[in-house]
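Colleague: My file is model_27.txt. It has compact mmCIF, C-alpha atoms:
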# COMPACT_ATOMS: atom_id res chain seq x y z
CA MET A 1 -14.83 11.34 4.67
CA TYR A 2 -12.03 9.58 2.81
CA SER A 3 -9.09 11.60 4.06
CA ARG A 4 -7.42 8.69 5.85
CA SER A 5 -8.48 6.18 3.20
CA ALA A 6 -7.25 8.46 0.43
CA VAL A 7 -3.80 8.56 1.97
CA LEU A 8 -3.76 4.79 2.38
CA SER A 9 -4.92 4.32 -1.19
CA LEU A 10 -1.86 6.13 -2.52
CA VAL A 11 0.33 3.48 -0.94
CA PHE A 12 -1.99 0.73 -2.11
CA LEU A 13 -2.10 2.02 -5.67
CA SER A 14 1.63 2.51 -5.94
CA SER A 15 2.26 -1.10 -5.01
CA ALA A 16 -0.36 -2.71 -7.24
CA ALA A 17 1.61 -2.84 -10.47
CA ALA A 18 4.71 -4.03 -8.66
CA PHE A 19 2.66 -6.72 -6.98
CA GLN A 20 1.35 -8.07 -10.27
CA THR A 21 4.75 -8.08 -11.96
CA SER A 22 6.65 -9.69 -9.12
CA LEU A 23 3.99 -12.10 -7.86
CA HIS A 24 5.80 -15.20 -9.03
CA LEU A 25 8.88 -14.08 -7.10
CA LEU A 26 7.14 -13.69 -3.77
CA PRO A 27 7.10 -16.29 -1.03
CA LYS A 28 3.83 -17.32 0.49
CA VAL A 29 3.36 -15.82 3.92
CA SER A 30 0.04 -17.03 5.21
CA SER A 31 -0.27 -16.62 8.91
CA SER A 32 -3.09 -14.96 10.76
CA LYS A 33 -4.39 -14.77 14.27
CA CYS A 34 -5.99 -12.16 16.45
CA VAL A 35 -2.82 -10.57 17.75
CA PRO A 36 -1.08 -7.27 16.94
CA LEU A 37 0.46 -6.99 13.49
CA LYS A 38 4.04 -8.15 13.36
CA LYS A 39 6.77 -8.28 10.76
CA GLU A 40 6.62 -11.19 8.36
CA SER A 41 8.37 -14.20 9.78
CA LYS A 42 10.05 -17.10 8.05
CA ILE A 43 7.41 -19.75 7.75
CA TYR A 44 9.51 -22.81 7.21
CA ALA A 45 12.24 -22.95 9.84
CA GLY A 46 15.48 -24.51 8.70
CA LYS A 47 14.66 -24.14 5.03
CA THR A 48 15.90 -21.65 2.47
CA SER A 49 13.48 -18.74 2.26
CA GLU A 50 12.22 -17.85 -1.20
CA ALA A 51 12.53 -14.22 -0.12
CA ALA A 52 16.30 -14.54 -0.51
CA LYS A 53 15.80 -15.31 -4.18
CA GLN A 54 13.80 -12.19 -5.00
CA ASN A 55 15.31 -9.51 -7.16
CA ALA A 56 15.49 -5.89 -6.04
CA PHE A 57 12.14 -5.05 -7.58
CA GLY A 58 10.45 -7.89 -5.74
CA ILE A 59 11.96 -6.82 -2.44
CA ILE A 60 10.79 -3.23 -2.95
CA SER A 61 7.32 -4.47 -3.83
CA ASP A 62 7.29 -6.60 -0.70
CA THR A 63 8.27 -3.63 1.46
CA VAL A 64 5.73 -1.24 -0.04
CA THR A 65 2.80 -3.63 0.04
CA GLY A 66 3.70 -4.79 3.53
CA ALA A 67 3.62 -1.18 4.74
CA ALA A 68 0.32 -0.60 2.94
CA PHE A 69 -1.44 -3.50 4.61
CA SER A 70 0.05 -2.67 7.98
CA LEU A 71 -1.67 0.71 7.67
CA LEU A 72 -4.93 -0.78 6.44
CA HIS A 73 -5.02 -3.15 9.42
CA ALA A 74 -3.61 -0.73 12.00
CA PHE A 75 -7.06 -0.31 13.60
CA ASP A 76 -8.28 -3.84 13.03
CA ASP A 77 -10.15 -5.32 16.00
CA CYS A 78 -8.79 -8.73 14.96
CA GLY A 79 -5.18 -7.99 14.05
CA ILE A 80 -3.59 -9.99 11.25
CA GLU A 81 -0.06 -11.28 11.67
CA ASP A 82 2.55 -11.31 8.85
CA SER A 83 0.18 -12.02 5.97
CA SER A 84 0.33 -9.20 3.43
CA LYS A 85 0.55 -11.71 0.56
CA ASN A 86 -2.79 -13.32 1.40
CA LEU A 87 -4.30 -9.99 2.39
CA ARG A 88 -3.67 -8.58 -1.07
CA VAL A 89 -5.88 -11.24 -2.58
CA LEU A 90 -8.60 -10.75 0.04
CA TRP A 91 -8.70 -6.98 -0.52
CA VAL A 92 -8.76 -7.44 -4.29
CA ARG A 93 -11.60 -9.93 -4.00
CA ALA A 94 -13.60 -7.40 -1.99
CA LEU A 95 -12.82 -4.74 -4.61
CA LEU A 96 -13.88 -6.97 -7.51
CA ALA A 97 -17.07 -7.94 -5.68
CA GLN A 98 -17.94 -4.28 -5.14
CA ARG A 99 -17.44 -3.65 -8.87
CA GLY A 100 -19.61 -6.63 -9.76
CA ASP A 101 -16.73 -8.51 -11.42
CA ILE A 102 -17.02 -11.54 -9.12
CA GLU A 103 -19.63 -12.87 -6.73
CA ASP A 104 -18.18 -12.72 -3.22
CA GLU A 105 -20.32 -11.24 -0.48
CA VAL A 106 -17.98 -12.59 2.18
CA ALA A 107 -14.61 -10.95 1.41
CA GLN A 108 -15.54 -7.48 2.68
CA THR A 109 -16.82 -8.87 5.98
CA LEU A 110 -13.34 -10.21 6.77
CA LEU A 111 -11.73 -6.78 6.33
CA PRO A 112 -11.33 -4.23 9.15
CA PRO A 113 -14.52 -2.18 9.54
CA THR A 114 -12.49 1.03 9.85
CA THR A 115 -10.80 0.77 6.45
CA ARG A 116 -12.86 -1.64 4.32
CA GLY A 117 -14.70 1.32 2.76
CA LEU A 118 -11.57 1.92 0.70
CA VAL A 119 -12.63 -0.93 -1.59
CA THR A 120 -16.26 -1.60 -0.65
CA THR A 121 -17.81 1.78 -1.46
CA PRO A 122 -18.26 3.21 -4.97
CA GLN A 123 -16.16 6.25 -4.09
CA GLY A 124 -13.33 4.19 -2.66
CA ALA A 125 -13.39 1.52 -5.36
CA ALA A 126 -13.20 4.21 -8.06
CA LEU A 127 -9.70 5.08 -6.82
CA PHE A 128 -8.50 1.71 -8.11
CA ASP A 129 -9.81 1.98 -11.67
CA PRO A 130 -6.25 2.40 -13.04
CA ILE A 131 -5.06 -0.91 -11.61
CA VAL A 132 -8.12 -3.16 -12.01
CA LYS A 133 -6.59 -4.69 -15.13
CA PHE A 134 -3.86 -6.15 -12.93
CA THR A 135 -6.46 -8.17 -11.01
CA GLU A 136 -7.82 -10.16 -13.96
CA TRP A 137 -5.98 -13.29 -12.83
CA ILE A 138 -7.88 -13.32 -9.52
CA GLN A 139 -11.19 -12.92 -11.31
CA ALA A 140 -10.31 -15.66 -13.81
CA ARG A 141 -9.21 -18.22 -11.25
CA THR A 142 -12.22 -17.49 -9.02
CA GLU A 143 -14.68 -18.01 -11.87
CA PHE A 144 -12.85 -21.13 -13.08
CA ILE A 145 -12.73 -22.87 -9.70
CA ASP A 146 -16.26 -21.84 -8.75
CA ALA A 147 -17.50 -23.26 -12.07
CA GLY A 148 -15.61 -26.48 -11.40
CA LEU A 149 -17.09 -26.73 -7.91
CA ASP A 150 -20.60 -26.09 -9.24
CA ALA A 151 -20.11 -28.82 -11.86
CA PHE A 152 -18.85 -31.22 -9.19
CA LEU A 153 -21.79 -30.55 -6.88
CA SER A 154 -24.33 -31.00 -9.68
CA SER A 155 -22.71 -34.17 -11.06
CA PRO A 156 -24.19 -37.67 -10.56
CA VAL A 157 -21.61 -38.46 -7.86
CA CYS A 158 -23.04 -35.69 -5.67
CA ILE A 159 -26.72 -35.89 -6.69
CA ASP A 160 -28.84 -39.06 -6.52
CA SER A 161 -31.38 -40.19 -9.09
CA ASP A 162 -34.12 -38.27 -7.27
CA GLY A 163 -32.16 -35.04 -7.42
CA LYS A 164 -31.24 -35.05 -3.73
CA ALA A 165 -27.86 -33.81 -2.58
CA LEU A 166 -25.38 -36.45 -1.44
CA GLU A 167 -22.57 -35.95 1.05
CA CYS A 168 -19.25 -34.94 -0.51
CA ASN A 169 -15.84 -33.58 0.46
CA VAL A 170 -14.18 -30.40 -0.81
CA VAL A 171 -10.57 -29.97 0.31
CA LEU A 172 -8.87 -26.58 -0.07
CA PHE A 173 -5.07 -26.71 0.15
CA GLY A 174 -3.19 -23.59 1.25
CA ALA A 175 -6.58 -22.03 1.92
CA GLY A 176 -5.28 -18.78 3.44
CA TYR A 177 -8.11 -16.23 3.47
CA ASP A 178 -10.08 -18.02 0.77
CA THR A 179 -13.80 -17.33 1.14
CA ARG A 180 -15.16 -20.30 -0.80
CA ALA A 181 -16.18 -22.41 2.20
CA LEU A 182 -18.12 -19.47 3.63
CA ARG A 183 -19.70 -18.58 0.29
CA TYR A 184 -20.91 -22.17 -0.17
CA ARG A 185 -21.81 -22.81 3.48
CA HIS A 186 -25.55 -23.23 2.74
CA ALA A 187 -25.17 -24.77 -0.72
CA HIS A 188 -25.92 -28.40 -1.59
CA ASP A 189 -28.31 -28.77 1.36
CA GLU A 190 -25.31 -28.12 3.63
CA LYS A 191 -23.91 -31.55 2.79
CA ILE A 192 -20.47 -30.31 1.74
CA ASN A 193 -17.71 -31.35 4.10
CA PHE A 194 -15.26 -28.48 3.57
CA MET A 195 -11.71 -29.04 4.80
CA GLU A 196 -9.13 -26.24 4.70
CA VAL A 197 -5.46 -27.07 5.00
CA ASP A 198 -2.85 -24.47 5.93
CA LEU A 199 -0.19 -23.63 8.48
CA PRO A 200 -1.19 -23.88 12.17
CA ASP A 201 -1.21 -20.10 12.74
CA VAL A 202 -3.40 -19.61 9.69
CA VAL A 203 -6.08 -22.10 10.64
CA LYS A 204 -6.09 -20.82 14.23
CA GLY A 205 -6.68 -17.28 13.04
CA LYS A 206 -9.21 -18.30 10.43
CA GLY A 207 -11.20 -20.17 13.06
CA LYS A 208 -11.54 -16.90 14.97
CA LEU A 209 -12.58 -15.08 11.79
CA TYR A 210 -15.21 -17.74 11.11
CA LYS A 211 -16.71 -17.29 14.56
CA LYS A 212 -16.72 -13.53 14.11
CA PHE A 213 -18.39 -13.91 10.72
CA GLN A 214 -21.05 -16.16 12.23
CA ARG A 215 -21.80 -13.74 15.08
CA GLU A 216 -22.05 -10.68 12.84
CA ASN A 217 -23.48 -12.05 9.60
CA ASP A 218 -25.18 -15.42 10.07
CA PRO A 219 -26.09 -16.03 13.73
CA GLU A 220 -28.33 -19.01 12.89
CA TRP A 221 -25.50 -20.87 11.17
CA ASP A 222 -24.06 -23.74 13.21
CA VAL A 223 -20.40 -22.94 12.62
CA GLU A 224 -19.18 -25.59 15.08
CA ASN A 225 -20.90 -28.51 13.33
CA LYS A 226 -21.56 -27.16 9.84
CA GLY A 227 -18.50 -25.00 9.40
CA SER A 228 -15.30 -25.89 7.59
CA THR A 229 -12.87 -28.33 9.20
CA LEU A 230 -9.56 -26.50 9.60
CA VAL A 231 -6.52 -28.75 9.28
CA PRO A 232 -3.16 -27.40 10.55
CA PHE A 233 -0.54 -28.87 8.23
CA ASP A 234 2.69 -27.64 6.64
CA LEU A 235 2.63 -28.94 3.07
CA ASN A 236 6.43 -28.92 3.00
CA ASP A 237 6.34 -31.69 5.61
CA CYS A 238 5.32 -34.05 2.79
CA GLY A 239 8.96 -33.90 1.65
CA GLY A 240 12.37 -33.96 3.27
CA GLY A 241 13.96 -36.68 5.35
CA VAL A 242 11.01 -37.38 7.66
CA THR A 243 7.77 -37.06 5.74
CA LYS A 244 4.22 -36.71 7.01
CA SER A 245 1.14 -38.04 5.28
CA LEU A 246 -1.22 -35.37 3.99
CA ILE A 247 -3.97 -37.90 3.35
CA GLY A 248 -3.40 -39.27 6.84
CA ALA A 249 -3.84 -35.79 8.30
CA LEU A 250 -7.09 -35.36 6.35
CA ARG A 251 -8.40 -38.71 7.53
CA ASP A 252 -7.53 -37.90 11.12
CA ALA A 253 -9.36 -34.57 10.78
CA GLY A 254 -12.56 -36.18 9.51
CA LEU A 255 -12.33 -36.71 5.75
CA LYS A 256 -15.42 -38.70 4.87
CA GLU A 257 -14.02 -41.79 3.17
CA GLY A 258 -16.21 -43.24 0.45
CA ALA A 259 -17.67 -39.81 -0.33
CA PRO A 260 -16.75 -38.11 -3.64
CA THR A 261 -13.98 -35.60 -3.07
CA MET A 262 -12.81 -32.50 -4.92
CA PHE A 263 -9.28 -31.25 -4.21
CA VAL A 264 -8.54 -27.58 -4.86
CA TRP A 265 -4.98 -26.28 -5.23
CA GLU A 266 -5.42 -22.56 -5.83
CA ALA A 267 -2.16 -20.66 -6.31
CA VAL A 268 -0.23 -22.71 -3.77
CA LEU A 269 1.86 -25.46 -5.39
CA PHE A 270 4.56 -23.09 -6.63
CA TYR A 271 5.22 -22.11 -3.02
CA VAL A 272 5.80 -25.71 -1.93
CA ASP A 273 9.19 -27.44 -2.03
CA GLU A 274 9.66 -29.66 -5.09
CA ASP A 275 10.33 -32.84 -3.13
CA ALA A 276 7.13 -32.26 -1.12
CA VAL A 277 5.11 -31.84 -4.32
CA ARG A 278 6.54 -35.05 -5.74
Could you write out this structure as structure tokens?
Modeller:
Amino acid sequence: MYSRSAVLSLVFLSSAAAFQTSLHLLPKVSSSKCVPLKKESKIYAGKTSEAAKQNAFGIISDTVTGAAFSLLHAFDDCGIEDSSKNLRVLWVRALLAQRGDIEDEVAQTLLPPTTRGLVTTPQGAALFDPIVKFTEWIQARTEFIDAGLDAFLSSPVCIDSDGKALECNVVLFGAGYDTRALRYRHAHDEKINFMEVDLPDVVKGKGKLYKKFQRENDPEWDVENKGSTLVPFDLNDCGGGVTKSLIGALRDAGLKEGAPTMFVWEAVLFYVDEDAVR
């Protein structure tokens, strides 16, 4: 039953330790759309790629994990383009959810049906027992940000004196394959205005994933009007000679001004150019 998955897991396992050690050396490659898998492309044209700064170990890790996820998504009915970095986190989230380490019922639904059993079944998940310790950082940041979001939603700025939910904004920068907007889609009386900011290819692909999720898992959910607002924006455009306004892009996309807003930067700022951050 797990013959193909077992072979894939050997590649996945062999790259896990390298992934954890070299994570801070890796560039963010976060692009996805329903097209055949392609080699990772340079995201920021005309700018020095962080990949050039990796040491040999980081390059090897990149190659191995890229091959692993190409195999895992080889039979995907919604092919993912050049995004092994984000995919690693999504697969680990599904694995941790299966083990009961985090609450995330969404992650596994975004994985290919043909190979998701590698991390979503007890037999498959058991193969990764030796490397679970390397995933503690994902569990920690998930619990921390979820707790912060829960505190925000239950605070007086988001709840009136009668205990009724008030409209509020939650903006996720560099959202990638983050599942938070889907996990909280029915929370707070559906009065959360989620906005997800990422590169144009990412938000285009994620929009297709959201529609697929709605069809297969929550057909009564009004994804068009109640779903997350996807904002195509290159964060590096905030710096350089000709800058663009991030707040302006959010306002243009429908940020509800006057409503309390929580901004979430989850593992993204260290991938952004320094002048853009400043």
Colleague: What's around Leu250 of chain A at 10 Å? Count all atoms listed in the file, leave out sequence neighbours fewer than 4 positions away in its own chain, and write the answer as a PDB file with C-alpha atoms, in the coordinates of the input.
Modeller:
ATOM      1  CA  VAL A 171     -10.570 -29.970   0.310  1.00  0.00           C
ATOM      2  CA  MET A 195     -11.710 -29.040   4.800  1.00  0.00           C
ATOM      3  CA  GLU A 196      -9.130 -26.240   4.700  1.00  0.00           C
ATOM      4  CA  VAL A 197      -5.460 -27.070   5.000  1.00  0.00           C
ATOM      5  CA  THR A 229     -12.870 -28.330   9.200  1.00  0.00           C
ATOM      6  CA  LEU A 230      -9.560 -26.500   9.600  1.00  0.00           C
ATOM      7  CA  VAL A 231      -6.520 -28.750   9.280  1.00  0.00           C
ATOM      8  CA  PRO A 232      -3.160 -27.400  10.550  1.00  0.00           C
ATOM      9  CA  PHE A 233      -0.540 -28.870   8.230  1.00  0.00           C
ATOM     10  CA  SER A 245       1.140 -38.040   5.280  1.00  0.00           C
ATOM     11  CA  LEU A 246      -1.220 -35.370   3.990  1.00  0.00           C
ATOM     12  CA  GLY A 254     -12.560 -36.180   9.510  1.00  0.00           C
ATOM     13  CA  LEU A 255     -12.330 -36.710   5.750  1.00  0.00           C
ATOM     14  CA  LYS A 256     -15.420 -38.700   4.870  1.00  0.00           C
ATOM     15  CA  GLU A 257     -14.020 -41.790   3.170  1.00  0.00           C
TER      16      GLU A 257
END
Colleague: In Å, how far is it from atom CA of Gly148 of chain A to atom CA of Leu111 of chain A?
Modeller: 26.8 Å
Colleague: Taking into account only C-alpha atoms, which residue in the set A:Phe144, A:Trp137, A:Tyr210, A:Trp91 is nearest to Leu118 of chain A?
Modeller: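 Under the stated criterion, the closest residue is A:Trp91.
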Colleague: Just the number, please: distance in Å from atom CA of Arg251 of chain A to atom CA of Asn169 of chain A, one decimal.
Modeller: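 According to the coordinates, atom CA of Arg251 of chain A and atom CA of Asn169 of chain A are separated by 11.5 Å.
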Colleague: Between A:Asp234, A:Asp201, A:Glu190, A:Ala125, which has the minimum distance to Asp222 of chain A (counting all atoms listed in the file)?
Modeller: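 For Asp222 of chain A, the nearest of the given residues is A:Glu190.
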Colleague: Just the residues within 7 Å of Val119 of chain A, please, counting all atoms listed in the file, with nothing from its chain fewer than 4 positions along; format it as a PyMOL selection string.
Modeller: chain A and resi 94-95+124-125
Colleague: Mind pulling up the distance from atom CA of Glu167 of chain A to atom CA of Arg185 of chain A?
Modeller: 13.4 Å
Colleague: Find the residues near Tyr184 of chain A: any atom within 12 Å, counting only C-alpha atoms, skip ones fewer than 4 places away on the same chain, and give them as a list in words.
Modeller: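 Listed by chain and then number, they are Glu103, Asp104, Glu105, Val106, Asp146, Leu149, Asp150, Leu153, Val170, Asp178, Thr179, Arg180, His188, Asp189, Glu190, Lys191, Ile192, Asn193, Phe194, Lys226, Gly227 and Ser228 of chain A.
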Colleague: Counting all atoms listed in the file, which residues sit no farther than 7 Å from the position (-10.3, 1.0, 11.3) in the file's frame? I'd like them as a PDB file with C-alpha atoms, in the frame of the given file.
Modeller:
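The resulting file, result.pdb, is reproduced below:
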ATOM      1  CA  HIS A  73      -5.020  -3.150   9.420  1.00  0.00           C
ATOM      2  CA  ALA A  74      -3.610  -0.730  12.000  1.00  0.00           C
ATOM      3  CA  PHE A  75      -7.060  -0.310  13.600  1.00  0.00           C
ATOM      4  CA  ASP A  76      -8.280  -3.840  13.030  1.00  0.00           C
ATOM      5  CA  PRO A 112     -11.330  -4.230   9.150  1.00  0.00           C
ATOM      6  CA  PRO A 113     -14.520  -2.180   9.540  1.00  0.00           C
ATOM      7  CA  THR A 114     -12.490   1.030   9.850  1.00  0.00           C
ATOM      8  CA  THR A 115     -10.800   0.770   6.450  1.00  0.00           C
TER       9      THR A 115
END
Colleague: Using only C-alpha atoms, can you tell me which of A:Leu269, A:Gly241, A:Arg93, A:Arg278 comes closest to Glu136 of chain A?
Modeller: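 The shortest atom-to-atom distance to Glu136 of chain A comes from A:Arg93.
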Colleague: Could you name the residues that touch segment 238-240 of chain A at 6 Å or less, counting all atoms listed in the file, but leaving out those on the same chain fewer than 4 positions away, as a list in words?
Modeller: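 Those residues are Lys244, Asp275 and Ala276 of chain A.
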Colleague: In terms of the shortest atom-to-atom distance over all atoms listed in the file, which of A:Gly100, A:Ala165, A:Pro200, A:Trp221 is closest to His186 of chain A?
Modeller: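 Closest residue, counting all atoms listed in the file: A:Trp221.
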Colleague: Hey, which of A:Leu166, A:Ile60, A:Val89, A:Ala249 ends up closest to Thr135 of chain A? Count all atoms listed in the file.
Modeller: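 Comparing A:Leu166, A:Ile60, A:Val89, A:Ala249 against Thr135 of chain A, the winner is A:Val89.
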Colleague: Kindly complete segment 217-232 of chain A to N, CA, C and O atoms; the output should be written as a PDB file, in the frame of the given file.
Modeller:
ATOM      1  N   ASN A 217     -22.823 -11.963  10.901  1.00  0.00           N
ATOM      2  CA  ASN A 217     -23.480 -12.050   9.600  1.00  0.00           C
ATOM      3  C   ASN A 217     -24.466 -13.204   9.445  1.00  0.00           C
ATOM      4  O   ASN A 217     -25.351 -13.128   8.591  1.00  0.00           O
ATOM      5  N   ASP A 218     -24.301 -14.251  10.238  1.00  0.00           N
ATOM      6  CA  ASP A 218     -25.180 -15.420  10.070  1.00  0.00           C
ATOM      7  C   ASP A 218     -25.340 -16.127  11.413  1.00  0.00           C
ATOM      8  O   ASP A 218     -24.878 -17.248  11.598  1.00  0.00           O
ATOM      9  N   PRO A 219     -25.999 -15.486  12.373  1.00  0.00           N
ATOM     10  CA  PRO A 219     -26.090 -16.030  13.730  1.00  0.00           C
ATOM     11  C   PRO A 219     -26.798 -17.375  13.823  1.00  0.00           C
ATOM     12  O   PRO A 219     -26.597 -18.106  14.805  1.00  0.00           O
ATOM     13  N   GLU A 220     -27.612 -17.732  12.852  1.00  0.00           N
ATOM     14  CA  GLU A 220     -28.330 -19.010  12.890  1.00  0.00           C
ATOM     15  C   GLU A 220     -27.485 -20.159  12.361  1.00  0.00           C
ATOM     16  O   GLU A 220     -27.844 -21.327  12.526  1.00  0.00           O
ATOM     17  N   TRP A 221     -26.354 -19.837  11.751  1.00  0.00           N
ATOM     18  CA  TRP A 221     -25.500 -20.870  11.170  1.00  0.00           C
ATOM     19  C   TRP A 221     -24.730 -21.605  12.269  1.00  0.00           C
ATOM     20  O   TRP A 221     -24.130 -20.983  13.146  1.00  0.00           O
ATOM     21  N   ASP A 222     -24.753 -22.911  12.227  1.00  0.00           N
ATOM     22  CA  ASP A 222     -24.060 -23.740  13.210  1.00  0.00           C
ATOM     23  C   ASP A 222     -22.607 -23.919  12.779  1.00  0.00           C
ATOM     24  O   ASP A 222     -22.243 -24.931  12.164  1.00  0.00           O
ATOM     25  N   VAL A 223     -21.778 -22.933  13.091  1.00  0.00           N
ATOM     26  CA  VAL A 223     -20.400 -22.940  12.620  1.00  0.00           C
ATOM     27  C   VAL A 223     -19.594 -24.091  13.214  1.00  0.00           C
ATOM     28  O   VAL A 223     -18.670 -24.624  12.581  1.00  0.00           O
ATOM     29  N   GLU A 224     -19.933 -24.530  14.425  1.00  0.00           N
ATOM     30  CA  GLU A 224     -19.180 -25.590  15.080  1.00  0.00           C
ATOM     31  C   GLU A 224     -19.377 -26.939  14.379  1.00  0.00           C
ATOM     32  O   GLU A 224     -18.444 -27.724  14.245  1.00  0.00           O
ATOM     33  N   ASN A 225     -20.597 -27.216  13.937  1.00  0.00           N
ATOM     34  CA  ASN A 225     -20.900 -28.510  13.330  1.00  0.00           C
ATOM     35  C   ASN A 225     -21.032 -28.464  11.817  1.00  0.00           C
ATOM     36  O   ASN A 225     -20.847 -29.481  11.141  1.00  0.00           O
ATOM     37  N   LYS A 226     -21.358 -27.289  11.280  1.00  0.00           N
ATOM     38  CA  LYS A 226     -21.560 -27.160   9.840  1.00  0.00           C
ATOM     39  C   LYS A 226     -20.441 -26.381   9.161  1.00  0.00           C
ATOM     40  O   LYS A 226     -20.371 -26.322   7.935  1.00  0.00           O
ATOM     41  N   GLY A 227     -19.579 -25.794   9.964  1.00  0.00           N
ATOM     42  CA  GLY A 227     -18.500 -25.000   9.400  1.00  0.00           C
ATOM     43  C   GLY A 227     -17.375 -25.856   8.851  1.00  0.00           C
ATOM     44  O   GLY A 227     -17.338 -27.078   9.016  1.00  0.00           O
ATOM     45  N   SER A 228     -16.437 -25.204   8.191  1.00  0.00           N
ATOM     46  CA  SER A 228     -15.300 -25.890   7.590  1.00  0.00           C
ATOM     47  C   SER A 228     -14.423 -26.525   8.661  1.00  0.00           C
ATOM     48  O   SER A 228     -14.262 -25.999   9.759  1.00  0.00           O
ATOM     49  N   THR A 229     -13.853 -27.687   8.328  1.00  0.00           N
ATOM     50  CA  THR A 229     -12.870 -28.330   9.200  1.00  0.00           C
ATOM     51  C   THR A 229     -11.501 -27.761   8.855  1.00  0.00           C
ATOM     52  O   THR A 229     -11.043 -27.863   7.713  1.00  0.00           O
ATOM     53  N   LEU A 230     -10.853 -27.143   9.825  1.00  0.00           N
ATOM     54  CA  LEU A 230      -9.560 -26.500   9.600  1.00  0.00           C
ATOM     55  C   LEU A 230      -8.444 -27.454  10.003  1.00  0.00           C
ATOM     56  O   LEU A 230      -8.396 -27.912  11.142  1.00  0.00           O
ATOM     57  N   VAL A 231      -7.559 -27.743   9.066  1.00  0.00           N
ATOM     58  CA  VAL A 231      -6.520 -28.750   9.280  1.00  0.00           C
ATOM     59  C   VAL A 231      -5.148 -28.066   9.302  1.00  0.00           C
ATOM     60  O   VAL A 231      -4.658 -27.589   8.279  1.00  0.00           O
ATOM     61  N   PRO A 232      -4.499 -27.998  10.471  1.00  0.00           N
ATOM     62  CA  PRO A 232      -3.160 -27.400  10.550  1.00  0.00           C
ATOM     63  C   PRO A 232      -2.108 -28.350   9.991  1.00  0.00           C
ATOM     64  O   PRO A 232      -1.864 -29.421  10.562  1.00  0.00           O
TER      65      PRO A 232
END
